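Chemist: Enclosed is the structure file query-v3.txt (compact mmCIF, C-alpha atoms).
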```
# COMPACT_ATOMS: atom_id res chain seq x y z
CA MET A 1 -27.34 29.73 67.57
CA SER A 2 -24.34 30.98 65.58
CA ASP A 3 -23.83 30.32 61.89
CA ALA A 4 -20.91 28.03 62.81
CA ALA A 5 -23.26 25.58 64.51
CA SER A 6 -26.14 26.05 62.10
CA PRO A 7 -27.48 22.73 60.83
CA GLU A 8 -28.56 24.47 57.65
CA LEU A 9 -24.98 25.47 56.92
CA LEU A 10 -23.75 21.88 57.33
CA HIS A 11 -26.62 20.35 55.37
CA ASP A 12 -26.02 22.85 52.56
CA LEU A 13 -22.31 22.01 52.60
CA ILE A 14 -23.00 18.29 52.28
CA ALA A 15 -25.53 18.89 49.51
CA ALA A 16 -22.92 20.92 47.64
CA ALA A 17 -20.35 18.13 48.04
CA LEU A 18 -22.76 15.53 46.67
CA LYS A 19 -23.62 17.81 43.76
CA ALA A 20 -19.88 18.24 43.05
CA GLY A 21 -19.39 14.48 42.68
CA ALA A 22 -19.04 13.02 46.18
CA ASP A 23 -20.90 9.79 46.92
CA ALA A 24 -21.08 10.52 50.67
CA ALA A 25 -19.95 13.27 53.01
CA GLU A 26 -19.83 14.40 56.63
CA ALA A 27 -19.36 17.90 58.00
CA VAL A 28 -18.41 19.04 61.49
CA THR A 29 -18.24 22.40 63.18
CA SER A 30 -16.43 23.30 66.38
CA GLU A 31 -17.12 26.54 68.19
CA ARG A 32 -15.00 27.49 71.21
CA ARG A 33 -14.73 30.42 73.60
CA SER A 34 -12.10 30.52 76.32
CA MET A 35 -10.24 32.85 78.63
CA SER A 36 -7.16 32.09 80.70
CA VAL A 37 -5.36 34.30 83.21
CA GLY A 38 -1.88 33.68 84.59
CA VAL A 39 -0.21 35.33 87.57
CA ARG A 40 3.27 35.14 89.04
CA ASN A 41 4.23 36.52 92.45
CA GLY A 42 0.85 38.18 92.76
CA ALA A 43 1.21 40.14 89.53
CA LEU A 44 -0.77 39.60 86.36
CA GLU A 45 1.45 37.81 83.83
CA GLU A 46 -0.84 37.03 80.91
CA VAL A 47 -4.43 37.07 79.72
CA GLU A 48 -5.44 34.94 76.77
CA ARG A 49 -8.83 35.08 75.13
CA GLU A 50 -9.93 32.82 72.26
CA GLU A 51 -13.04 32.76 70.11
CA SER A 52 -12.88 30.28 67.25
CA ARG A 53 -15.32 28.80 64.77
CA ASP A 54 -13.96 26.02 62.60
CA LEU A 55 -15.35 23.73 59.96
CA GLY A 56 -14.32 20.31 58.68
CA LEU A 57 -15.56 18.41 55.63
CA ARG A 58 -14.80 14.79 54.68
CA VAL A 59 -16.04 13.31 51.41
CA PHE A 60 -16.01 9.90 49.78
CA VAL A 61 -15.78 9.13 46.07
CA GLY A 62 -16.18 5.38 45.83
CA GLN A 63 -13.55 3.97 48.18
CA ARG A 64 -11.46 7.13 48.08
CA GLN A 65 -11.67 9.83 50.73
CA ALA A 66 -10.27 13.27 51.51
CA SER A 67 -10.88 15.95 54.12
CA VAL A 68 -10.32 19.69 54.55
CA SER A 69 -10.85 22.23 57.30
CA ALA A 70 -11.11 26.00 57.59
CA SER A 71 -11.74 28.76 60.10
CA ASP A 72 -13.13 31.14 57.49
CA LEU A 73 -16.79 30.16 57.10
CA SER A 74 -17.72 32.58 54.34
CA GLU A 75 -19.71 31.30 51.40
CA ALA A 76 -16.78 31.81 49.03
CA THR A 77 -14.48 29.77 51.26
CA ARG A 78 -17.05 27.00 51.64
CA ASN A 79 -17.43 26.79 47.87
CA ARG A 80 -13.66 26.48 47.45
CA LEU A 81 -13.50 23.81 50.15
CA VAL A 82 -16.10 21.70 48.40
CA GLU A 83 -14.38 21.99 45.05
CA ARG A 84 -10.96 21.22 46.54
CA VAL A 85 -11.94 18.26 48.72
CA VAL A 86 -13.89 16.47 45.98
CA ALA A 87 -10.95 16.91 43.60
CA MET A 88 -8.59 15.57 46.29
CA ALA A 89 -10.79 12.53 46.91
CA LYS A 90 -10.87 11.65 43.21
CA LEU A 91 -7.05 11.54 43.21
CA ALA A 92 -6.63 9.74 46.56
CA PRO A 93 -5.64 6.05 46.69
CA GLU A 94 -8.45 3.59 47.21
CA ASP A 95 -9.06 2.50 50.78
CA PRO A 96 -11.32 -0.57 51.08
CA PHE A 97 -12.16 0.40 54.65
CA ALA A 98 -13.05 4.07 54.03
CA MET A 99 -16.67 4.59 55.00
CA LEU A 100 -19.21 6.52 56.96
CA ALA A 101 -20.52 4.69 59.99
CA PRO A 102 -23.16 2.06 59.11
CA GLN A 103 -26.58 3.66 59.27
CA ASP A 104 -27.96 1.04 61.65
CA ARG A 105 -25.25 1.94 64.20
CA LEU A 106 -26.08 5.65 64.34
CA ASN A 107 -27.60 7.31 67.39
CA MET A 108 -30.38 9.20 65.63
CA GLY A 109 -31.63 10.70 68.89
CA PRO A 110 -33.00 12.04 71.02
CA HIS A 111 -29.54 12.53 72.50
CA ARG A 112 -29.08 12.22 76.24
CA ASP A 113 -28.41 15.37 78.28
CA LEU A 114 -25.28 14.63 80.30
CA ASP A 115 -25.13 17.98 82.14
CA LEU A 116 -21.85 18.94 80.46
CA TYR A 117 -22.55 22.66 80.14
CA ASP A 118 -22.52 25.32 82.85
CA ALA A 119 -23.40 28.86 81.77
CA THR A 120 -21.58 30.47 84.72
CA GLU A 121 -19.37 33.26 83.41
CA ARG A 122 -16.07 34.28 84.94
CA SER A 123 -14.58 37.69 84.23
CA ALA A 124 -10.87 38.27 83.73
CA ALA A 125 -10.78 40.01 87.12
CA GLU A 126 -12.40 37.02 88.83
CA LEU A 127 -9.98 34.61 87.16
CA GLU A 128 -7.03 36.77 88.16
CA ALA A 129 -8.20 36.91 91.77
CA ALA A 130 -8.64 33.11 91.92
CA ALA A 131 -5.21 32.47 90.40
CA ALA A 132 -3.56 34.98 92.74
CA GLU A 133 -5.23 33.49 95.82
CA THR A 134 -4.19 29.97 94.82
CA GLU A 135 -0.60 31.11 94.37
CA SER A 136 -0.63 33.06 97.65
CA VAL A 137 -1.81 30.03 99.62
CA ALA A 138 0.88 27.83 98.06
CA LEU A 139 3.62 30.39 98.74
CA ALA A 140 2.55 30.59 102.40
CA ILE A 141 3.41 26.91 102.96
CA GLU A 142 6.62 26.67 104.97
CA GLY A 143 9.51 25.61 102.73
CA VAL A 144 8.03 27.01 99.50
CA VAL A 145 10.36 29.69 98.15
CA ARG A 146 9.25 30.49 94.63
CA SER A 147 6.25 30.44 92.34
CA GLU A 148 6.17 29.05 88.85
CA GLY A 149 2.83 30.76 88.34
CA GLY A 150 -0.83 30.27 89.05
CA TYR A 151 -3.59 30.19 86.50
CA ALA A 152 -7.36 30.10 86.17
CA SER A 153 -9.37 29.52 83.02
CA THR A 154 -12.86 29.03 81.70
CA SER A 155 -14.05 27.71 78.36
CA SER A 156 -17.14 26.60 76.51
CA SER A 157 -17.46 24.63 73.31
CA GLU A 158 -20.04 23.25 70.91
CA TRP A 159 -19.56 20.33 68.51
CA ARG A 160 -21.95 19.42 65.70
CA LEU A 161 -21.76 16.53 63.25
CA VAL A 162 -23.99 16.12 60.17
CA THR A 163 -23.68 13.30 57.63
CA SER A 164 -25.16 12.62 54.22
CA HIS A 165 -26.90 9.49 55.51
CA GLY A 166 -29.07 11.25 58.03
CA PHE A 167 -27.16 11.87 61.24
CA ASP A 168 -27.40 15.29 62.91
CA GLY A 169 -26.10 15.68 66.45
CA ARG A 170 -24.64 18.35 68.69
CA TYR A 171 -23.59 18.86 72.27
CA GLN A 172 -22.16 21.65 74.39
CA GLY A 173 -19.54 21.49 77.07
CA SER A 174 -17.84 23.81 79.52
CA ALA A 175 -14.66 23.62 81.58
CA TYR A 176 -13.30 25.51 84.58
CA SER A 177 -9.66 25.12 85.63
CA LEU A 178 -7.50 26.32 88.50
CA GLY A 179 -3.87 25.46 89.27
CA VAL A 180 -0.48 26.55 90.51
CA GLY A 181 3.12 25.34 90.44
CA VAL A 182 5.71 26.21 93.09
CA ILE A 183 9.29 25.40 94.08
CA ALA A 184 10.34 24.35 97.58
CA GLU A 185 13.89 24.44 98.93
CA LYS A 186 15.79 22.43 101.53
CA ASP A 187 19.56 22.48 102.16
CA GLY A 188 20.12 24.28 98.87
CA GLY A 189 18.19 21.75 96.80
CA MET A 190 15.00 22.71 95.03
CA GLU A 191 12.01 20.60 94.01
CA ARG A 192 8.89 21.39 92.03
CA GLY A 193 5.34 20.61 93.03
CA GLY A 194 1.93 21.63 91.84
CA GLU A 195 -1.77 20.99 91.82
CA SER A 196 -4.52 21.67 89.29
CA ARG A 197 -8.10 20.67 88.68
CA THR A 198 -10.56 20.91 85.81
CA THR A 199 -14.32 20.41 86.10
CA ARG A 200 -17.33 20.78 83.83
CA HIS A 201 -19.25 22.91 86.35
CA PHE A 202 -17.82 25.82 88.30
CA ALA A 203 -19.48 24.65 91.52
CA ASP A 204 -17.47 21.40 91.37
CA LEU A 205 -14.08 23.13 91.19
CA PRO A 206 -12.11 22.96 94.46
CA ASP A 207 -11.42 26.35 95.98
CA ALA A 208 -8.16 28.26 95.81
CA ALA A 209 -7.17 27.39 99.38
CA THR A 210 -7.49 23.65 98.73
CA ILE A 211 -5.53 23.68 95.48
CA GLY A 212 -2.84 26.06 96.73
CA ALA A 213 -2.24 24.16 99.96
CA GLU A 214 -1.93 20.85 98.11
CA ALA A 215 0.54 22.32 95.61
CA GLY A 216 2.74 23.62 98.41
CA ARG A 217 2.54 20.40 100.39
CA ARG A 218 3.56 18.29 97.41
CA ALA A 219 6.54 20.52 96.63
CA VAL A 220 7.83 20.52 100.22
CA ALA A 221 7.39 16.77 100.58
CA ARG A 222 9.75 16.20 97.63
CA THR A 223 12.67 18.21 99.03
CA GLY A 224 15.89 16.48 100.03
CA PRO A 225 15.55 13.46 97.73
CA ARG A 226 18.06 10.65 97.88
CA LYS A 227 19.30 8.24 95.27
CA ILE A 228 18.78 4.56 95.88
CA ALA A 229 20.71 1.54 94.71
CA SER A 230 19.33 -0.66 91.97
CA THR A 231 17.10 -3.35 93.39
CA THR A 232 13.93 -5.35 92.97
CA ALA A 233 11.14 -4.31 95.32
CA PRO A 234 7.41 -3.60 95.54
CA VAL A 235 6.34 -0.43 93.73
CA ILE A 236 3.14 1.52 94.34
CA PHE A 237 1.95 3.99 91.70
CA GLU A 238 -0.04 6.77 93.37
CA ASN A 239 -3.55 7.22 91.97
CA ARG A 240 -2.53 10.47 90.23
CA VAL A 241 0.00 8.65 88.04
CA ALA A 242 -1.34 5.08 88.02
CA THR A 243 -3.18 5.61 84.72
CA GLN A 244 0.20 6.02 83.01
CA ILE A 245 1.02 2.35 83.55
CA LEU A 246 -2.45 1.41 82.27
CA SER A 247 -2.63 3.71 79.24
CA PRO A 248 -0.44 1.45 77.02
CA LEU A 249 -3.26 -1.08 77.27
CA LEU A 250 -5.56 1.30 75.40
CA GLY A 251 -3.18 1.75 72.49
CA ALA A 252 -2.57 -1.98 72.35
CA ILE A 253 -6.29 -2.80 72.03
CA SER A 254 -7.12 -0.05 69.54
CA GLY A 255 -8.60 -1.37 66.32
CA PRO A 256 -5.92 0.11 64.05
CA SER A 257 -3.14 -1.54 66.09
CA ILE A 258 -4.91 -4.90 66.06
CA ALA A 259 -5.61 -4.63 62.32
CA ARG A 260 -1.94 -3.89 61.65
CA GLY A 261 -0.91 -6.83 63.82
CA THR A 262 1.56 -4.67 65.73
CA SER A 263 0.06 -4.98 69.22
CA PHE A 264 1.51 -7.09 72.03
CA LEU A 265 -2.10 -7.86 73.01
CA LYS A 266 -3.31 -8.98 69.57
CA ASP A 267 -3.83 -12.58 70.75
CA ASP A 268 -5.37 -11.77 74.15
CA LEU A 269 -9.04 -11.03 73.45
CA HIS A 270 -11.22 -12.81 76.06
CA LYS A 271 -8.11 -13.85 77.99
CA LYS A 272 -7.14 -12.87 81.53
CA LEU A 273 -5.16 -9.64 81.46
CA LEU A 274 -5.75 -8.25 84.94
CA PRO A 275 -6.30 -10.09 88.24
CA SER A 276 -9.70 -11.61 88.97
CA GLY A 277 -12.11 -9.10 90.43
CA VAL A 278 -10.55 -6.15 88.62
CA SER A 279 -12.45 -4.40 85.82
CA LEU A 280 -11.79 -1.49 83.47
CA ILE A 281 -15.02 0.35 82.71
CA ASP A 282 -15.75 2.95 80.04
CA ASP A 283 -18.82 5.06 80.80
CA PRO A 284 -19.70 7.80 78.29
CA PHE A 285 -22.82 8.72 80.27
CA ARG A 286 -21.30 9.90 83.54
CA PRO A 287 -23.01 13.21 84.36
CA ARG A 288 -20.55 16.11 84.14
CA GLY A 289 -17.78 13.73 83.09
CA LEU A 290 -14.81 15.23 81.26
CA GLY A 291 -15.03 12.46 78.66
CA SER A 292 -18.81 12.14 78.49
CA THR A 293 -20.58 12.19 75.13
CA PRO A 294 -24.02 11.20 73.77
CA PHE A 295 -22.46 9.71 70.60
CA ASP A 296 -18.99 9.07 69.22
CA ASP A 297 -17.30 11.21 66.58
CA GLU A 298 -18.90 9.22 63.75
CA GLY A 299 -22.38 9.53 65.26
CA VAL A 300 -22.35 5.92 66.45
CA THR A 301 -24.32 4.93 69.53
CA VAL A 302 -22.17 4.73 72.66
CA GLU A 303 -22.78 2.64 75.75
CA LYS A 304 -21.25 1.78 79.09
CA GLN A 305 -18.79 -1.04 78.45
CA TYR A 306 -16.53 -3.30 80.47
CA ILE A 307 -13.29 -3.11 78.51
CA VAL A 308 -11.88 -5.58 81.03
CA ASP A 309 -14.38 -7.60 83.07
CA ASP A 310 -13.24 -9.59 86.11
CA GLY A 311 -9.72 -9.52 84.71
CA ALA A 312 -10.59 -10.65 81.16
CA LEU A 313 -10.14 -8.45 78.08
CA MET A 314 -13.61 -8.18 76.53
CA THR A 315 -13.28 -5.97 73.47
CA TRP A 316 -11.11 -4.02 71.09
CA LEU A 317 -11.64 -0.25 70.74
CA LEU A 318 -13.14 0.15 67.28
CA ASN A 319 -14.24 2.89 64.94
CA SER A 320 -16.13 2.00 61.78
CA GLY A 321 -13.06 1.63 59.55
CA SER A 322 -11.07 -0.63 61.86
CA ALA A 323 -14.22 -2.63 62.65
CA LYS A 324 -14.78 -3.27 58.95
CA GLN A 325 -11.15 -4.30 58.56
CA LEU A 326 -11.50 -6.83 61.38
CA GLY A 327 -14.95 -8.06 60.34
CA LEU A 328 -16.53 -6.63 63.50
CA ARG A 329 -18.86 -3.80 64.55
CA SER A 330 -17.86 -0.35 65.79
CA THR A 331 -17.73 -0.17 69.58
CA GLY A 332 -18.55 3.56 69.55
CA HIS A 333 -14.98 4.71 70.14
CA ALA A 334 -14.38 6.83 67.04
CA SER A 335 -12.48 10.04 67.79
CA ARG A 336 -11.63 12.76 65.31
CA GLY A 337 -10.68 16.36 64.84
CA LEU A 338 -11.88 18.62 62.08
CA ALA A 339 -9.77 17.00 59.37
CA GLY A 340 -8.61 13.49 58.64
CA PRO A 341 -10.24 10.12 59.19
CA PRO A 342 -11.28 9.10 62.72
CA GLY A 343 -8.98 7.41 65.19
CA VAL A 344 -10.11 5.73 68.39
CA SER A 345 -10.41 6.92 71.96
CA THR A 346 -12.20 5.98 75.18
CA HIS A 347 -14.70 8.22 76.99
CA ASN A 348 -14.78 8.15 80.84
CA LEU A 349 -12.54 5.25 81.80
CA HIS A 350 -11.84 3.98 85.29
CA LEU A 351 -10.28 0.95 86.97
CA THR A 352 -12.36 -0.50 89.78
CA ALA A 353 -11.13 0.10 93.31
CA GLY A 354 -9.78 -2.44 95.77
CA LEU A 355 -10.15 -2.70 99.54
CA ARG A 356 -7.00 -1.06 100.94
CA ASP A 357 -6.19 2.65 100.94
CA LYS A 358 -2.73 3.90 99.97
CA ALA A 359 -1.45 3.61 103.52
CA GLY A 360 -2.78 0.05 103.61
CA LEU A 361 -0.96 -0.82 100.38
CA ILE A 362 2.26 0.60 101.83
CA GLY A 363 1.73 -1.44 104.97
CA ASP A 364 1.11 -4.60 102.95
CA ALA A 365 4.24 -4.03 100.85
CA GLY A 366 6.48 -3.30 103.85
CA THR A 367 9.48 -1.88 102.02
CA GLY A 368 9.49 -0.40 98.52
CA LEU A 369 8.92 2.63 96.32
CA LEU A 370 5.89 4.93 96.14
CA VAL A 371 5.84 6.64 92.73
CA THR A 372 4.29 10.13 92.69
CA SER A 373 5.58 11.43 89.35
CA MET A 374 6.62 9.81 86.10
CA PHE A 375 8.37 10.99 82.94
CA GLY A 376 9.79 9.62 79.70
CA PRO A 377 7.95 6.28 79.53
CA SER A 378 9.20 3.89 76.86
CA LEU A 379 7.24 0.98 75.39
CA ASN A 380 8.07 -1.80 72.95
CA GLY A 381 4.68 -2.12 71.26
CA ASN A 382 5.42 -5.63 70.01
CA THR A 383 6.54 -7.17 73.31
CA GLY A 384 5.03 -4.98 76.04
CA ASP A 385 8.42 -4.27 77.64
CA TRP A 386 8.08 -0.94 79.43
CA SER A 387 10.20 1.48 81.46
CA ALA A 388 9.81 4.98 82.87
CA GLY A 389 11.72 7.53 84.88
CA VAL A 390 10.04 8.18 88.22
CA SER A 391 10.38 9.98 91.51
CA GLY A 392 8.56 9.54 94.77
CA PHE A 393 9.20 8.15 98.23
CA TRP A 394 11.00 5.14 99.62
CA PHE A 395 9.10 3.45 102.43
CA GLU A 396 10.32 0.98 105.06
CA ASP A 397 8.43 -1.12 107.58
CA GLY A 398 5.17 0.20 106.15
CA GLU A 399 6.04 3.87 106.70
CA PRO A 400 7.37 6.58 104.33
CA ALA A 401 11.11 7.03 104.92
CA TYR A 402 12.47 9.66 102.49
CA PRO A 403 11.92 11.13 99.01
CA VAL A 404 13.83 9.64 96.06
CA SER A 405 14.58 10.84 92.54
CA GLU A 406 16.50 9.80 89.41
CA VAL A 407 15.00 6.31 89.44
CA THR A 408 13.83 4.10 86.60
CA VAL A 409 11.30 1.29 86.92
CA ALA A 410 10.88 -1.39 84.27
CA GLY A 411 9.07 -4.61 83.45
CA ASN A 412 6.84 -6.41 81.01
CA LEU A 413 3.37 -4.88 81.21
CA LYS A 414 1.48 -8.15 80.81
CA ALA A 415 3.43 -9.64 83.69
CA LEU A 416 2.97 -6.51 85.81
CA TRP A 417 -0.76 -6.13 85.13
CA ALA A 418 -1.41 -9.78 85.99
CA ARG A 419 -0.29 -9.26 89.58
CA MET A 420 -1.31 -5.69 90.36
CA VAL A 421 -3.31 -4.88 93.50
CA PRO A 422 -5.64 -1.86 93.24
CA GLY A 423 -6.12 0.39 96.25
CA SER A 424 -9.38 1.90 97.44
CA ASP A 425 -8.46 5.54 96.68
CA LEU A 426 -10.23 5.91 93.33
CA GLU A 427 -10.98 9.58 92.57
CA PHE A 428 -12.76 10.90 89.49
CA ARG A 429 -10.45 13.77 88.55
CA SER A 430 -10.18 13.37 84.77
CA ALA A 431 -11.45 11.27 81.86
CA PHE A 432 -9.23 8.32 82.93
CA ASN A 433 -9.02 7.45 86.61
CA SER A 434 -7.40 4.71 88.67
CA PRO A 435 -6.79 3.97 92.32
CA SER A 436 -3.22 3.56 93.51
CA LEU A 437 -1.68 0.32 92.21
CA LEU A 438 0.70 -2.02 94.01
CA PHE A 439 3.06 -4.29 92.07
CA ASP A 440 5.39 -6.73 93.78
CA ALA A 441 8.96 -7.42 92.67
CA VAL A 442 9.52 -4.60 90.15
CA ALA A 443 12.98 -3.91 88.72
CA ILE A 444 14.24 -0.55 90.00
CA ALA A 445 17.35 1.07 88.49
CA GLY A 446 18.98 3.63 90.78
CA LYS A 447 22.52 4.88 91.27
```
Hey, can you dump this file as structure tokens for me?
Modeler:
Amino acid sequence: MSDAASPELLHDLIAAALKAGADAAEAVTSERRSMSVGVRNGALEEVEREESRDLGLRVFVGQRQASVSASDLSEATRNRLVERVVAMAKLAPEDPFAMLAPQDRLNMGPHRDLDLYDATERSAAELEAAAAETESVALAIEGVVRSEGGYASTSSSEWRLVTSHGFDGRYQGSAYSLGVGVIAEKDGGMERGGESRTTRHFADLPDAATIGAEAGRRAVARTGPRKIASTTAPVIFENRVATQILSPLLGAISGPSIARGTSFLKDDLHKKLLPSGVSLIDDPFRPRGLGSTPFDDEGVTVEKQYIVDDGALMTWLLNSGSAKQLGLRSTGHASRGLAGPPGVSTHNLHLTAGLRDKAGLIGDAGTGLLVTSMFGPSLNGNTGDWSAGVSGFWFEDGEPAYPVSEVTVAGNLKALWARMVPGSDLEFRSAFNSPSLLFDAVAIAGK
């Protein structure tokens, strides 16, 4: 074990902070190793290697708090950090909700092994070969004319948290990534497409042929887009982008937003938000999950939770501070970096699947818009009014007709969510996953 992850180092740091005048303290270390290789047109374009060891310290003096971080872990630097952060805390404004997590909410261990770490090593040469093969496969797809570059990367990390009230926890994780972006051309018009994947274990990563072929296919399919007239029609958000119409829900139910009273969902706890039969589940214990964790970033016990159950909103997302402000208990959703107080974040989130695949949703809708990419979303956090620029495919009589671009879709999220129809094509590709989603009668702004 390196000095960066040494529990003795963190315990000594906390002891020094208490001796310097802090009433409570927590220390975190983050250790990361990564390598990424990029290629373009078969030639090596860049190699990046990172090895970092960083330290964060947060202290409390009464109801005042302050935090500092550093990448120099020498004894002299640690001594200066302690002196500085305690002095900062004594001058900080009082915060009645500043606190370590309640001791009875801590996951004191043993901590569950979630199979997040794979020791498989990948050399720069192996990464370059994988990136080059992925790019080569994509460029071989008919209609693809140019590469925007392929890449492959590998990384490993370790996170440790120690607090002055007895918590000591750590976990390791690894990640393997492969991707490529290409440009396809038709009748002088060019369109971008790409594909990438990231997994915890190397054996779970799709091969270069699969990723390259999908990148090329997606680019070619988008060529020759048309503009459409403004209308109201069914809209289907492909599973790859469907989480983007759901993600505003997470911000709107975060404890800090509810405590400030600025959320358009502040009055909707235990009310129907999604259709009956639809649930939104957060599972921190999914083996090899990209968002899996044995405890949250305050050391609080985590658990599988139904954020939305059978359509009804069941909980806010709370860290210890926002829970105290609302007179509730932390839900185990604290998220933090090395410095600053915790925010909130989910773990492995997914929307439950429906019965119809994407083709079935298109058939049910008849005529409408299939959204495959989205950009520039805009949200009024007080009302839930939402809009986004999108591109994708117009379909007619249940069949794809032609690609479209330069389109905006808009609506009130509460009204949209209440009538969405999930598809059956749920895939676990990231830390937040959704099947394709069908919405009837959506406002579409075109030419």
Chemist: Could you check which of A:Gly392, A:Leu379, A:Gly42, A:Ile183 is closest to Gln244 in chain A, using all atoms listed in the file?
Modeler: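 With all atoms listed in the file as the atom set, the closest residue is A:Leu379.
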Chemist: State, in Å with one decimal place, the distance from CA of Glu128 in chain A to CA of Gln172 in chain A.
Modeler: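 Computing it gives 25.4 Å between the two atoms.
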Chemist: Which polymer residues have any atom within 12 Å of an atom of His11 in chain A, counting all atoms listed in the file, with same-chain residues fewer than 3 positions away left out, as a VMD selection string?
Modeler: chain A and resid 5 to 8 14 to 18 25 to 29 57 160 to 168
Chemist: In Å, with one decimal, what is the gap from CA of Ala24 in chain A to CA of Arg260 in chain A?
Modeler: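 Straight-line distance from CA of Ala24 in chain A to CA of Arg260 in chain A works out to 26.4 Å.
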Chemist: Return the single residue from A:Leu437, A:Ala140, A:Leu178, A:Ala431 that is closest to Arg286 in chain A, with distances computed using all atoms listed in the file.
Modeler: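 Looking at the shortest contact to Arg286 in chain A, the residue is A:Ala431.
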Chemist: Do you know which residues are at most 12 Å from Ala89 in chain A counting all atoms listed in the file, after dropping those on the same chain fewer than 5 positions away, and could you put them as a list in words?
Modeler: Ala17, Ala20, Gly21, Ala22, Asp23, Ala24, Ala25, Leu57, Arg58, Val59, Phe60, Val61, Gly62, Gln63, Arg64, Gln65, Ala66, Ser67, Val68, Val82, Glu83, Arg84, Glu94, Asp95, Ala98 and Gly340 of chain A
Chemist: Fix up range 103-118 of chain A with N, CA and C atoms, then write it as a short mmCIF file (atom, residue, chain, number, x, y, z; two decimals), keeping the file's coordinate frame.
Modeler:
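Full text of rebuild38.cif as output:
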```cif
data_model
loop_
_atom_site.label_atom_id
_atom_site.label_comp_id
_atom_site.auth_asym_id
_atom_site.auth_seq_id
_atom_site.Cartn_x
_atom_site.Cartn_y
_atom_site.Cartn_z
N GLN A 103 -25.40 2.91 58.86
CA GLN A 103 -26.58 3.66 59.27
C GLN A 103 -27.29 3.02 60.46
N ASP A 104 -27.26 1.69 60.54
CA ASP A 104 -27.96 1.04 61.65
C ASP A 104 -27.23 1.16 62.97
N ARG A 105 -26.00 1.75 62.96
CA ARG A 105 -25.25 1.94 64.20
C ARG A 105 -25.35 3.37 64.72
N LEU A 106 -26.02 4.24 63.97
CA LEU A 106 -26.08 5.65 64.34
C LEU A 106 -27.05 5.90 65.48
N ASN A 107 -26.70 6.86 66.32
CA ASN A 107 -27.60 7.31 67.39
C ASN A 107 -28.41 8.49 66.83
N MET A 108 -29.58 8.19 66.31
CA MET A 108 -30.38 9.20 65.63
C MET A 108 -31.14 10.10 66.61
N GLY A 109 -31.02 9.84 67.91
CA GLY A 109 -31.63 10.70 68.89
C GLY A 109 -32.96 10.15 69.38
N PRO A 110 -33.54 10.83 70.39
CA PRO A 110 -33.00 12.04 71.02
C PRO A 110 -31.73 11.75 71.80
N HIS A 111 -30.83 12.73 71.86
CA HIS A 111 -29.54 12.53 72.50
C HIS A 111 -29.59 12.90 73.98
N ARG A 112 -29.00 12.07 74.79
CA ARG A 112 -29.08 12.22 76.24
C ARG A 112 -28.39 13.50 76.72
N ASP A 113 -29.02 14.21 77.65
CA ASP A 113 -28.41 15.37 78.28
C ASP A 113 -27.53 14.88 79.43
N LEU A 114 -26.24 15.13 79.32
CA LEU A 114 -25.28 14.63 80.30
C LEU A 114 -24.79 15.72 81.25
N ASP A 115 -25.45 16.88 81.22
CA ASP A 115 -25.13 17.98 82.14
C ASP A 115 -23.67 18.42 81.99
N LEU A 116 -23.25 18.59 80.74
CA LEU A 116 -21.85 18.94 80.46
C LEU A 116 -21.62 20.44 80.38
N TYR A 117 -22.70 21.23 80.38
CA TYR A 117 -22.55 22.66 80.14
C TYR A 117 -23.05 23.46 81.33
N ASP A 118 -22.20 24.38 81.77
CA ASP A 118 -22.52 25.32 82.85
C ASP A 118 -22.37 26.73 82.27
#
```
